[in-house]
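Undergrad: Okay, so here is run.txt, and as you'll see once you scroll down, it has compact mmCIF, C-alpha atoms.
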# COMPACT_ATOMS: atom_id res chain seq x y z
CA MET O 21 -16.51 15.32 -2.17
CA ALA O 22 -19.02 13.07 -0.46
CA PHE O 23 -21.66 13.66 2.09
CA GLU O 24 -23.40 11.63 4.74
CA ARG O 25 -26.88 11.99 6.30
CA ASN O 26 -25.58 15.34 7.30
CA SER O 27 -22.06 15.32 5.92
CA SER O 28 -19.93 15.10 2.82
CA VAL O 29 -16.38 14.29 1.61
CA ALA O 30 -14.69 16.16 -1.25
CA ASN O 31 -11.67 15.50 -3.43
CA ALA O 32 -10.26 16.73 -6.70
CA GLY O 33 -8.29 14.93 -9.43
CA ILE O 34 -7.05 11.46 -8.55
CA HIS O 35 -4.89 11.12 -11.70
CA LEU O 36 -4.84 7.32 -11.64
CA ASP O 37 -1.78 5.87 -13.41
CA SER O 38 -0.01 9.22 -13.75
CA PRO O 39 3.13 8.44 -15.83
CA LEU O 40 5.71 10.01 -13.43
CA ARG O 41 8.30 10.04 -16.21
CA SER O 42 10.92 12.25 -14.54
CA LEU O 43 10.69 10.33 -11.29
CA ALA O 44 11.01 7.01 -13.14
CA LEU O 45 14.28 8.17 -14.70
CA ARG O 46 15.77 8.86 -11.27
CA ASP O 47 14.37 5.92 -9.33
CA PRO O 48 12.05 3.37 -11.00
CA ARG O 49 11.30 1.74 -7.63
CA LEU O 50 10.14 5.02 -6.11
CA ALA O 51 8.11 5.86 -9.23
CA GLU O 52 6.29 2.54 -8.94
CA PHE O 53 5.58 3.19 -5.25
CA VAL O 54 4.17 6.69 -5.87
CA GLY O 55 2.23 5.47 -8.92
CA ASN O 56 0.53 2.77 -6.84
CA ALA O 57 -0.10 5.28 -4.05
CA SER O 58 -2.78 7.06 -6.09
CA ARG O 59 -4.80 3.83 -6.21
CA LEU O 60 -4.30 3.09 -2.54
CA VAL O 61 -5.39 6.62 -1.66
CA PHE O 62 -8.55 6.27 -3.71
CA SER O 63 -9.27 3.10 -1.73
CA ARG O 64 -8.74 5.14 1.45
CA ILE O 65 -11.27 7.70 0.25
CA VAL O 66 -13.79 4.92 -0.31
CA ASP O 67 -12.99 3.55 3.17
CA LEU O 68 -13.63 7.01 4.61
CA CYS O 69 -17.00 7.18 2.86
CA LEU O 70 -17.94 3.78 4.31
CA ASP O 71 -16.70 4.62 7.81
CA GLU O 72 -18.56 7.93 7.88
CA GLN O 73 -21.67 6.38 6.29
CA VAL O 74 -21.88 9.18 3.76
CA ASN O 75 -24.73 9.70 1.33
CA ALA O 76 -22.54 10.49 -1.65
CA LEU O 77 -19.04 10.92 -3.03
CA LEU O 78 -18.42 13.87 -5.34
CA LEU O 79 -15.50 13.72 -7.79
CA ALA O 80 -14.68 16.98 -9.53
CA GLY O 81 -12.81 15.56 -12.50
CA ASP O 82 -9.44 14.11 -13.57
CA LEU O 83 -9.84 10.58 -12.32
CA TYR O 84 -7.30 9.63 -14.98
CA ASP O 85 -4.17 11.25 -16.37
CA GLY O 86 -4.82 11.58 -20.08
CA GLU O 87 -5.09 8.99 -22.82
CA GLN O 88 -5.39 6.09 -20.41
CA THR O 89 -5.67 2.66 -22.04
CA SER O 90 -5.12 0.31 -19.07
CA MET O 91 -8.19 -1.82 -18.43
CA LYS O 92 -6.55 -2.77 -15.14
CA THR O 93 -7.29 0.77 -14.04
CA ALA O 94 -10.86 0.46 -15.27
CA ARG O 95 -11.36 -2.73 -13.26
CA PHE O 96 -9.87 -1.14 -10.15
CA LEU O 97 -12.12 1.91 -10.42
CA ALA O 98 -15.23 -0.19 -11.04
CA GLU O 99 -14.40 -2.38 -8.02
CA GLN O 100 -14.09 0.66 -5.73
CA LEU O 101 -17.31 2.19 -7.01
CA ARG O 102 -19.12 -1.13 -6.46
CA ARG O 103 -18.01 -1.05 -2.81
CA LEU O 104 -19.89 2.21 -2.49
CA ASP O 105 -22.85 0.83 -4.43
CA SER O 106 -23.12 -2.07 -1.97
CA ALA O 107 -23.38 0.47 0.87
CA ASP O 108 -26.02 2.51 -1.03
CA ILE O 109 -23.63 5.47 -1.35
CA LYS O 110 -24.16 7.64 -4.42
CA VAL O 111 -21.27 8.87 -6.56
CA PHE O 112 -21.43 12.02 -8.67
CA ILE O 113 -18.67 12.59 -11.24
CA ILE O 114 -17.81 15.28 -13.75
CA ARG O 115 -15.18 14.86 -16.44
CA GLY O 116 -12.14 17.13 -16.29
CA ASN O 117 -9.67 17.99 -19.03
CA HIS O 118 -7.68 14.78 -18.48
CA ASP O 119 -10.80 12.61 -18.40
CA ALA O 120 -11.89 14.05 -21.75
CA LEU O 121 -8.74 12.50 -23.26
CA SER O 122 -9.21 9.11 -21.63
CA LYS O 123 -10.49 6.15 -23.63
CA ILE O 124 -11.59 4.50 -20.38
CA THR O 125 -13.99 7.37 -19.74
CA LYS O 126 -15.97 6.33 -22.79
CA GLU O 127 -15.69 2.55 -22.33
CA LEU O 128 -16.12 2.03 -18.58
CA VAL O 129 -19.51 0.63 -17.52
CA LEU O 130 -20.37 2.34 -14.23
CA PRO O 131 -22.42 0.84 -11.37
CA GLU O 132 -25.99 2.06 -10.88
CA ASN O 133 -25.01 4.26 -7.93
CA VAL O 134 -22.84 6.46 -10.17
CA HIS O 135 -24.13 9.54 -11.96
CA LEU O 136 -21.73 10.86 -14.60
CA PHE O 137 -22.69 14.35 -15.72
CA GLY O 138 -22.62 14.98 -19.45
CA GLY O 139 -21.60 17.90 -21.62
CA ARG O 140 -24.84 19.75 -20.80
CA ALA O 141 -25.45 21.11 -17.33
CA ASP O 142 -27.77 19.01 -15.22
CA ALA O 143 -28.93 18.75 -11.61
CA VAL O 144 -29.77 15.63 -9.60
CA GLU O 145 -31.51 15.44 -6.25
CA VAL O 146 -29.85 13.32 -3.57
CA PRO O 147 -32.15 10.87 -1.73
CA ARG O 148 -32.74 12.09 1.84
CA ASP O 149 -34.78 10.90 4.79
CA ARG O 150 -38.24 12.41 5.23
CA GLY O 151 -38.07 15.78 6.93
CA GLU O 152 -34.45 16.44 5.90
CA ARG O 153 -33.67 19.43 3.71
CA PRO O 154 -33.41 18.39 0.04
CA ILE O 155 -30.02 18.57 -1.68
CA ALA O 156 -29.37 19.00 -5.40
CA ILE O 157 -26.06 18.28 -7.09
CA HIS O 158 -25.32 20.37 -10.19
CA GLY O 159 -22.65 19.31 -12.64
CA LEU O 160 -21.20 19.78 -16.12
CA SER O 161 -18.46 17.69 -17.74
CA PHE O 162 -15.76 18.66 -20.19
CA ALA O 163 -16.71 17.28 -23.59
CA LYS O 164 -13.27 18.24 -24.95
CA PRO O 165 -9.85 18.68 -23.32
CA GLN O 166 -10.04 22.46 -23.83
CA ALA O 167 -12.41 24.87 -22.08
CA PRO O 168 -11.05 28.41 -22.54
CA GLU O 169 -14.21 30.16 -21.31
CA SER O 170 -16.09 30.12 -18.00
CA LEU O 171 -18.76 27.42 -17.69
CA LEU O 172 -20.68 29.07 -14.85
CA ALA O 173 -23.34 30.63 -17.10
CA LYS O 174 -24.20 27.16 -18.45
CA TYR O 175 -25.19 25.80 -15.02
CA ARG O 176 -28.86 25.64 -14.12
CA PRO O 177 -30.04 28.30 -11.63
CA PRO O 178 -30.16 27.21 -7.97
CA PHE O 179 -33.44 25.54 -6.92
CA ALA O 180 -35.52 27.32 -4.31
CA GLY O 181 -35.75 25.68 -0.88
CA VAL O 182 -32.92 23.30 -1.70
CA VAL O 183 -29.26 23.06 -0.65
CA ASN O 184 -27.61 23.56 -4.04
CA ILE O 185 -24.15 22.03 -4.44
CA GLY O 186 -22.15 22.56 -7.62
CA LEU O 187 -19.44 20.37 -9.13
CA MET O 188 -17.06 22.26 -11.41
CA HIS O 189 -13.67 21.59 -12.99
CA THR O 190 -11.97 24.98 -13.25
CA SER O 191 -8.68 26.82 -12.95
CA LEU O 192 -10.70 29.29 -10.84
CA ASP O 193 -8.76 32.55 -10.33
CA GLY O 194 -5.64 30.94 -11.78
CA SER O 195 -2.56 29.16 -10.47
CA PRO O 196 0.91 29.55 -12.09
CA PRO O 197 1.70 25.82 -12.55
CA HIS O 198 -1.72 25.08 -14.08
CA ASP O 199 -3.07 25.81 -17.53
CA VAL O 200 -6.29 27.82 -17.82
CA TYR O 201 -9.41 25.67 -17.93
CA ALA O 202 -12.96 27.04 -17.59
CA PRO O 203 -11.71 30.11 -15.63
CA CYS O 204 -14.14 31.45 -13.06
CA SER O 205 -13.63 33.93 -10.27
CA THR O 206 -14.27 33.02 -6.65
CA ALA O 207 -16.43 36.15 -6.40
CA ASP O 208 -18.70 34.86 -9.18
CA LEU O 209 -19.15 31.53 -7.41
CA LEU O 210 -19.91 33.24 -4.11
CA ALA O 211 -22.62 35.27 -5.83
CA SER O 212 -24.12 32.30 -7.70
CA GLY O 213 -26.80 31.47 -5.13
CA PHE O 214 -25.32 28.00 -4.55
CA ARG O 215 -24.53 26.85 -1.02
CA TYR O 216 -21.38 24.89 -1.83
CA TRP O 217 -19.01 24.55 -4.77
CA ALA O 218 -16.83 21.41 -4.97
CA LEU O 219 -14.06 22.19 -7.44
CA GLY O 220 -11.33 20.30 -9.25
CA HIS O 221 -8.22 20.96 -11.38
CA ILE O 222 -5.80 22.92 -9.14
CA HIS O 223 -3.79 20.49 -7.01
CA LYS O 224 -3.31 22.77 -4.00
CA ARG O 225 -6.10 22.93 -1.43
CA SER O 226 -7.99 26.15 -0.80
CA ALA O 227 -11.28 26.80 0.96
CA THR O 228 -13.53 29.81 1.35
CA GLU O 229 -16.22 29.53 4.01
CA GLY O 230 -19.38 31.58 4.45
CA PRO O 231 -22.95 31.66 3.10
CA CYS O 232 -21.45 29.99 0.02
CA ALA O 233 -18.49 27.65 0.60
CA VAL O 234 -15.99 27.28 -2.24
CA VAL O 235 -13.60 24.34 -1.83
CA MET O 236 -10.73 23.29 -4.07
CA PRO O 237 -9.64 20.19 -2.12
CA GLY O 238 -6.49 19.63 -4.20
CA ILE O 239 -5.00 16.36 -5.31
CA PRO O 240 -5.29 13.67 -2.57
CA GLN O 241 -1.88 12.17 -3.38
CA GLY O 242 1.10 14.28 -4.43
CA ARG O 243 3.18 13.05 -7.36
CA ASP O 244 6.30 15.24 -7.11
CA VAL O 245 7.92 17.83 -4.87
CA GLY O 246 5.86 20.55 -6.51
CA GLU O 247 2.84 18.90 -4.85
CA HIS O 248 4.47 18.82 -1.42
CA GLY O 249 2.87 18.44 1.97
CA PRO O 250 0.06 16.22 3.26
CA LYS O 251 -2.89 15.83 0.89
CA SER O 252 -6.50 15.54 1.85
CA VAL O 253 -10.20 15.41 1.08
CA THR O 254 -12.89 17.56 2.68
CA LEU O 255 -15.64 16.14 4.85
CA ALA O 256 -18.48 18.67 4.76
CA SER O 257 -21.60 18.45 6.94
CA VAL O 258 -24.98 19.68 5.75
CA LEU O 259 -26.84 20.72 8.90
CA ASP O 260 -30.59 20.84 9.52
CA ASP O 261 -30.77 24.58 8.79
CA GLY O 262 -28.99 24.12 5.46
CA SER O 263 -25.66 25.46 6.67
CA ILE O 264 -22.48 23.55 5.89
CA THR O 265 -19.42 22.83 8.03
CA MET O 266 -16.17 21.42 6.65
CA GLU O 267 -13.39 19.23 7.98
CA GLU O 268 -10.12 18.44 6.22
CA ARG O 269 -9.13 14.75 6.33
CA ILE O 270 -5.58 13.76 5.35
CA VAL O 271 -5.50 10.67 3.13
CA SER O 272 -2.10 10.80 1.38
CA LEU O 273 0.12 7.74 1.61
CA ALA O 274 3.34 9.45 0.50
CA GLN O 275 4.22 13.04 1.40
CA PHE O 276 6.74 14.97 -0.70
CA GLU O 277 8.86 17.49 1.18
CA ARG O 278 11.98 19.57 0.65
CA VAL O 279 14.39 18.76 3.47
CA ALA O 280 17.23 21.19 4.15
CA VAL O 281 20.61 19.80 5.24
CA ASP O 282 23.06 22.38 6.56
CA ALA O 283 26.55 21.32 5.52
CA SER O 284 28.22 24.44 6.91
CA GLY O 285 31.52 23.60 8.54
CA VAL O 286 31.46 19.84 7.89
CA ALA O 287 34.96 18.51 7.41
CA SER O 288 34.31 14.83 6.70
CA TRP O 289 31.95 12.59 4.76
CA SER O 290 30.79 10.84 7.93
CA ASP O 291 29.82 14.18 9.53
CA LEU O 292 27.75 15.05 6.45
CA ALA O 293 26.04 11.64 6.48
CA ALA O 294 25.13 12.13 10.13
CA ARG O 295 23.56 15.51 9.38
CA ILE O 296 21.55 13.99 6.53
CA GLU O 297 20.25 11.25 8.81
CA LYS O 298 19.29 13.77 11.48
CA ALA O 299 17.43 16.03 9.03
CA LEU O 300 15.65 13.05 7.47
CA GLY O 301 14.65 11.65 10.85
CA GLU O 302 13.18 14.96 11.98
CA ALA O 303 11.28 15.43 8.72
CA THR O 304 9.89 11.89 8.88
CA SER O 305 8.64 12.42 12.42
CA ARG O 306 6.85 15.60 11.30
CA SER O 307 5.21 13.97 8.29
CA ALA O 308 1.43 13.60 8.53
CA SER O 309 1.45 10.82 5.91
CA ASP O 310 2.65 7.22 6.09
CA HIS O 311 5.78 7.78 4.00
CA LEU O 312 8.12 10.73 3.45
CA VAL O 313 9.55 11.33 -0.03
CA ALA O 314 12.35 13.83 0.45
CA ARG O 315 14.19 16.15 -1.88
CA LEU O 316 17.35 16.93 0.06
CA GLY O 317 18.83 20.39 -0.26
CA VAL O 318 22.45 20.16 0.88
CA SER O 319 23.94 23.63 1.23
CA GLY O 320 26.52 25.64 3.15
CA VAL O 321 30.15 26.69 3.18
CA THR O 322 32.40 23.69 3.74
CA SER O 323 35.94 22.66 2.93
CA ILE O 324 34.65 19.50 1.23
CA ALA O 325 32.16 21.34 -1.00
CA TRP O 326 33.73 20.21 -4.24
CA ASN O 327 34.04 16.63 -3.04
CA ILE O 328 30.32 16.69 -2.32
CA ARG O 329 29.56 17.94 -5.83
CA ARG O 330 31.96 15.53 -7.52
CA ASP O 331 30.65 12.50 -5.65
CA ALA O 332 26.95 13.36 -5.70
CA ASP O 333 26.10 9.80 -6.78
CA LEU O 334 27.87 8.39 -3.72
CA LEU O 335 26.10 10.93 -1.52
CA ARG O 336 22.73 9.76 -2.81
CA THR O 337 23.64 6.15 -2.05
CA GLU O 338 24.62 7.21 1.47
CA ALA O 339 21.36 9.15 1.90
CA GLU O 340 19.26 6.23 0.66
CA ALA O 341 20.94 3.93 3.16
CA ARG O 342 20.13 6.37 5.98
CA ALA O 343 16.53 6.67 4.75
CA GLU O 344 16.16 2.90 4.75
CA ARG O 345 17.51 2.79 8.29
CA ILE O 346 14.92 5.36 9.42
CA GLY O 347 12.08 3.54 7.65
CA ASN O 348 9.19 4.88 5.54
CA ALA O 349 11.53 7.47 4.03
CA TRP O 350 12.58 7.82 0.38
CA ILE O 351 15.10 10.05 -1.40
CA GLU O 352 13.58 11.64 -4.51
CA LYS O 353 16.58 13.82 -5.41
CA ILE O 354 19.51 15.69 -3.91
CA ASP O 355 20.12 19.35 -4.76
CA ILE O 356 23.62 20.55 -3.89
CA ASP O 357 24.50 24.19 -3.27
CA CYS O 358 27.75 23.94 -1.33
CA ARG O 359 30.66 26.37 -1.58
CA ARG O 360 34.26 26.27 -0.37
CA PRO O 361 35.33 29.02 2.03
CA VAL O 362 36.27 32.16 0.10
CA VAL O 363 40.01 32.70 -0.27
CA ASP O 364 40.75 36.35 0.54
CA SER O 365 43.94 36.73 -1.42
CA THR O 366 43.54 37.35 -5.14
CA GLU O 367 47.07 36.06 -5.50
CA SER O 368 46.23 32.61 -4.14
CA ALA O 369 48.51 29.90 -5.47
CA ASP O 370 45.63 27.46 -5.65
CA PRO O 371 45.06 26.86 -9.41
CA VAL O 372 41.40 26.02 -8.83
CA GLU O 373 40.87 29.41 -7.16
CA ALA O 374 42.58 31.06 -10.11
CA LEU O 375 40.26 29.21 -12.48
CA ARG O 376 37.27 30.30 -10.39
CA ARG O 377 38.28 33.97 -10.75
CA THR O 378 38.77 33.59 -14.49
CA MET O 379 35.39 31.94 -14.98
CA SER O 380 33.63 34.53 -12.84
CA ASP O 381 35.32 37.67 -14.15
CA GLU O 382 36.13 36.87 -17.76
CA VAL O 383 33.66 34.19 -18.84
CA VAL O 384 30.32 34.32 -17.00
CA GLY O 385 30.32 38.11 -16.89
CA SER O 386 30.99 38.58 -20.62
CA GLU O 387 28.37 39.63 -23.18
CA ALA O 388 29.34 36.74 -25.46
CA PHE O 389 28.64 34.20 -22.72
CA ARG O 390 25.28 35.81 -21.95
CA THR O 391 24.23 35.73 -25.61
CA GLU O 392 25.24 32.07 -25.97
CA ALA O 393 23.62 31.05 -22.68
CA ASP O 394 20.43 32.93 -23.53
CA GLY O 395 20.08 30.96 -26.78
CA ILE O 396 20.75 27.60 -25.14
CA VAL O 397 18.35 28.17 -22.24
CA ASN O 398 15.56 29.46 -24.50
CA ASP O 399 15.98 26.44 -26.77
CA LEU O 400 15.69 24.09 -23.78
CA LEU O 401 12.67 25.95 -22.41
CA SER O 402 10.89 25.67 -25.76
CA GLN O 403 10.99 21.88 -25.42
CA LEU O 404 9.22 21.90 -22.05
CA PRO O 405 5.45 21.91 -21.42
CA PRO O 406 3.97 25.44 -21.08
CA GLU O 407 3.38 25.11 -17.33
CA CYS O 408 7.06 24.18 -16.78
CA ARG O 409 8.27 27.13 -18.87
CA ARG O 410 6.14 29.55 -16.89
CA SER O 411 7.37 28.12 -13.61
CA LEU O 412 11.07 28.30 -14.51
CA ALA O 413 11.04 31.64 -16.32
CA PRO O 414 7.78 33.57 -15.85
CA ASP O 415 9.24 36.78 -17.37
CA ASP O 416 12.51 38.41 -18.54
CA THR O 417 13.66 38.92 -14.95
CA GLY O 418 12.96 35.28 -14.20
CA LEU O 419 14.94 34.27 -17.29
CA ASP O 420 17.92 36.36 -16.16
CA LEU O 421 17.80 34.78 -12.71
CA LEU O 422 17.56 31.28 -14.23
CA ILE O 423 20.58 31.84 -16.48
CA GLY O 424 22.57 33.30 -13.60
CA ARG O 425 21.72 30.36 -11.37
CA LEU O 426 22.60 27.82 -14.07
CA ALA O 427 25.90 29.60 -14.77
CA SER O 428 26.81 29.60 -11.08
CA GLU O 429 25.89 25.95 -10.64
CA GLY O 430 27.73 24.99 -13.82
CA SER O 431 30.86 26.80 -12.71
CA GLU O 432 30.87 24.97 -9.40
CA GLU O 433 30.43 21.62 -11.15
CA VAL O 434 33.38 22.30 -13.45
CA LEU O 435 35.54 23.43 -10.54
CA ALA O 436 34.61 20.31 -8.60
CA ARG O 437 36.20 18.18 -11.31
CA PHE O 438 39.45 20.05 -10.93
CA ALA O 439 39.47 20.34 -7.16
CA ALA O 440 42.31 18.70 -5.27
CA GLY O 441 41.64 15.77 -2.97
CA SER O 442 39.90 12.47 -3.43
CA ALA O 443 36.80 10.93 -1.94
CA GLN O 444 38.99 8.88 0.38
CA GLU O 445 40.59 12.03 1.84
CA VAL O 446 37.33 13.30 3.31
CA ARG O 447 35.97 10.06 4.73
Take the structure in the file and write it out as structure tokens.
TA:
Amino acid sequence: MAFERNSSVANAGIHLDSPLRSLALRDPRLAEFVGNASRLVFSRIVDLCLDEQVNALLLAGDLYDGEQTSMKTARFLAEQLRRLDSADIKVFIIRGNHDALSKITKELVLPENVHLFGGRADAVEVPRDRGERPIAIHGLSFAKPQAPESLLAKYRPPFAGVVNIGLMHTSLDGSPPHDVYAPCSTADLLASGFRYWALGHIHKRSATEGPCAVVMPGIPQGRDVGEHGPKSVTLASVLDDGSITMEERIVSLAQFERVAVDASGVASWSDLAARIEKALGEATSRSASDHLVARLGVSGVTSIAWNIRRDADLLRTEAEARAERIGNAWIEKIDIDCRRPVVDSTESADPVEALRRTMSDEVVGSEAFRTEADGIVNDLLSQLPPECRRSLAPDDTGLDLLIGRLASEGSEEVLARFAAGSAQEVR
């Protein structure tokens, strides 16, 4: 967050040089674009500070994404901070869990305008013009990557007659995709006596206004479809009476979105391609960011369902060509959930339909299959990071649903390989 004579801008973790491993496997070119976007967005935040003539920029942790060793990143960060230094704009930073892992955090020489809070709570007064209400910034950095307990009690009490603003890196009340770090309830922050809390860690924006404002601005540049939608920082104004107003400012360069494509009733490849282009075009026009990164969800009952599944690689190539034609649109992935029309007769002569019935009735529904599938899925889940495991299978019911979905999808993929017809027949 940063604030001007009477205003401020807030943002959470930048995650410079986030590895984007899964995205790189699917599309190295897109991974490079999104990876560079985090730097460009940080430059945009600095531009915003300069344009608004703010007094300070507050960064609530996770500038980096772990054990960062790239000195190129260090030089970039130092250059951006010097731009603020030249404009006499202060920068206040706390270390988050990712920063605590970073080697750059310990080696980077910061400009004089930057105050990096240490592992003990501290408070710094922000220079203000004579007659303006004084402002104090309170902060506390992670000394280690883990912080299982609340840090609130370690902060200094609010100063009397001062607008007290706190910087904290916390999982707050909790968020399913995020691990627990320095948990602290919103109610506790509201009762702290501070006027404003600028938070970091959770990547989705949330804001509570009132006598005490609590703002989790979220990540300013999404990195995958789980961080979908436009991303922003918060411009907060400190008024003469000490009250604070807030304004969300979108800064994201690339916006991840799930884009639904209804394939119901399509009878040819060209018809499907046209629907993809239409859905992409509409989503791009709605995007609040410069670029759209789309995960296409192609679904519906269609006679070419199995052709779509079998030739998913060709469909992606087709979708990428349509995205390039639209401009500023990228295809991150295509999820396919298409089905052929149900054949009423159980005596159908179609051998693929007969195989479908066998797989559904005798294989997927059997106890032996469930036992085998349960073991395989649990083994795969154990190899994923904790946050991914909780997202995919939060409990036993979630595990059952996951196995059922995987079995259904797997059956359709197998049937697609046996389905009659060729790619040429539907184009």
Undergrad: Write out as a ChimeraX atom specification each polymer residue whose atoms come within 7 Å of Ser309 of chain O, counting all atoms listed in the file; drop sequence neighbours fewer than 2 positions from it.
TA: /O:250,272-275,307,311
Undergrad: Write out as number ranges by chain each polymer residue whose atoms come within 10 Å of Ser428 of chain O, counting only C-alpha atoms; drop sequence neighbours fewer than 6 positions from it.
TA: O: 357, 379-380, 384, 422
Undergrad: How many Å lie between atom CA of Leu187 of chain O and atom CA of Glu99 of chain O, rounded to one decimal?
TA: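 Separation of atom CA of Leu187 of chain O and atom CA of Glu99 of chain O: 23.3 Å.
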Undergrad: I'd like the neighbourhood of Asp193 of chain O as a PDB file with C-alpha atoms, in the coordinates of the input, where a residue qualifies if any of its atoms comes within 7 Å (using only C-alpha atoms), though same-chain residues fewer than 4 positions away should be ignored.
TA:
ATOM      1  CA  PRO O 203     -11.710  30.110 -15.630  1.00  0.00           C
ATOM      2  CA  CYS O 204     -14.140  31.450 -13.060  1.00  0.00           C
ATOM      3  CA  SER O 205     -13.630  33.930 -10.270  1.00  0.00           C
ATOM      4  CA  THR O 206     -14.270  33.020  -6.650  1.00  0.00           C
TER       5      THR O 206
END
Undergrad: Which is closer to Glu277 of chain O than all the others in O:Asn56, O:Ser257, O:Thr304, O:Asn75, using only C-alpha atoms?
TA: O:Thr304
Undergrad: Between O:Val271, O:Ala339, O:Ala218, O:Leu300, which has the minimum distance to Ser58 of chain O (counting all atoms listed in the file)?
TA: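 Closest residue, counting all atoms listed in the file: O:Val271.
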Undergrad: What's the 7 Å shell around segment 172-179 of chain O, counting only C-alpha atoms, without same-chain residues fewer than 2 positions away, as an MDAnalysis selection string?
TA: chainID O and resid 141:142 170 181:182 184 213:214
Undergrad: Tell me which protein, DNA and RNA residues are within 12 Å of Arg329 of chain O, counting all atoms listed in the file, leaving out same-chain ones fewer than 2 positions away, and put them as a ChimeraX atom specification.
TA: /O:318-319,322-327,331-336,354-360,429-439,442-443
Undergrad: Could you check which of O:Leu97, O:Val54, O:Ile155, O:Ala143 is closest to Phe276 of chain O, using all atoms listed in the file?
TA: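 When distances to Phe276 of chain O are compared using all atoms listed in the file, the smallest one comes from O:Val54.
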Undergrad: Measure the distance from atom CA of Gln73 of chain O to atom CA of Asp108 of chain O in Å and round it to one decimal.
TA: 9.4 Å
Undergrad: In Å to one decimal, how far is atom CA of Thr337 of chain O from atom CA of Pro48 of chain O?
TA: 14.9 Å
Undergrad: Under the rule that all atoms listed in the file are counted, which of O:Thr93, O:Leu83, O:Gln100, O:Leu259 is the nearest residue to Pro154 of chain O?
TA: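 Once distances to Pro154 of chain O are computed over all atoms listed in the file, the minimum belongs to O:Leu259.
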Undergrad: Please list, as a PDB file with C-alpha atoms, in the frame of the given file, the residues that have an atom at most 8 Å away from (-21.9, 12.0, -10.4) in the coordinates of this file, counting all atoms listed in the file.
TA:
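See selection-v3.pdb below for the written result:
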ATOM      1  CA  LEU O  77     -19.040  10.920  -3.030  1.00  0.00           C
ATOM      2  CA  LEU O  78     -18.420  13.870  -5.340  1.00  0.00           C
ATOM      3  CA  LEU O  79     -15.500  13.720  -7.790  1.00  0.00           C
ATOM      4  CA  LYS O 110     -24.160   7.640  -4.420  1.00  0.00           C
ATOM      5  CA  VAL O 111     -21.270   8.870  -6.560  1.00  0.00           C
ATOM      6  CA  PHE O 112     -21.430  12.020  -8.670  1.00  0.00           C
ATOM      7  CA  ILE O 113     -18.670  12.590 -11.240  1.00  0.00           C
ATOM      8  CA  ILE O 114     -17.810  15.280 -13.750  1.00  0.00           C
ATOM      9  CA  VAL O 134     -22.840   6.460 -10.170  1.00  0.00           C
ATOM     10  CA  HIS O 135     -24.130   9.540 -11.960  1.00  0.00           C
ATOM     11  CA  LEU O 136     -21.730  10.860 -14.600  1.00  0.00           C
ATOM     12  CA  PHE O 137     -22.690  14.350 -15.720  1.00  0.00           C
ATOM     13  CA  GLY O 159     -22.650  19.310 -12.640  1.00  0.00           C
TER      14      GLY O 159
END
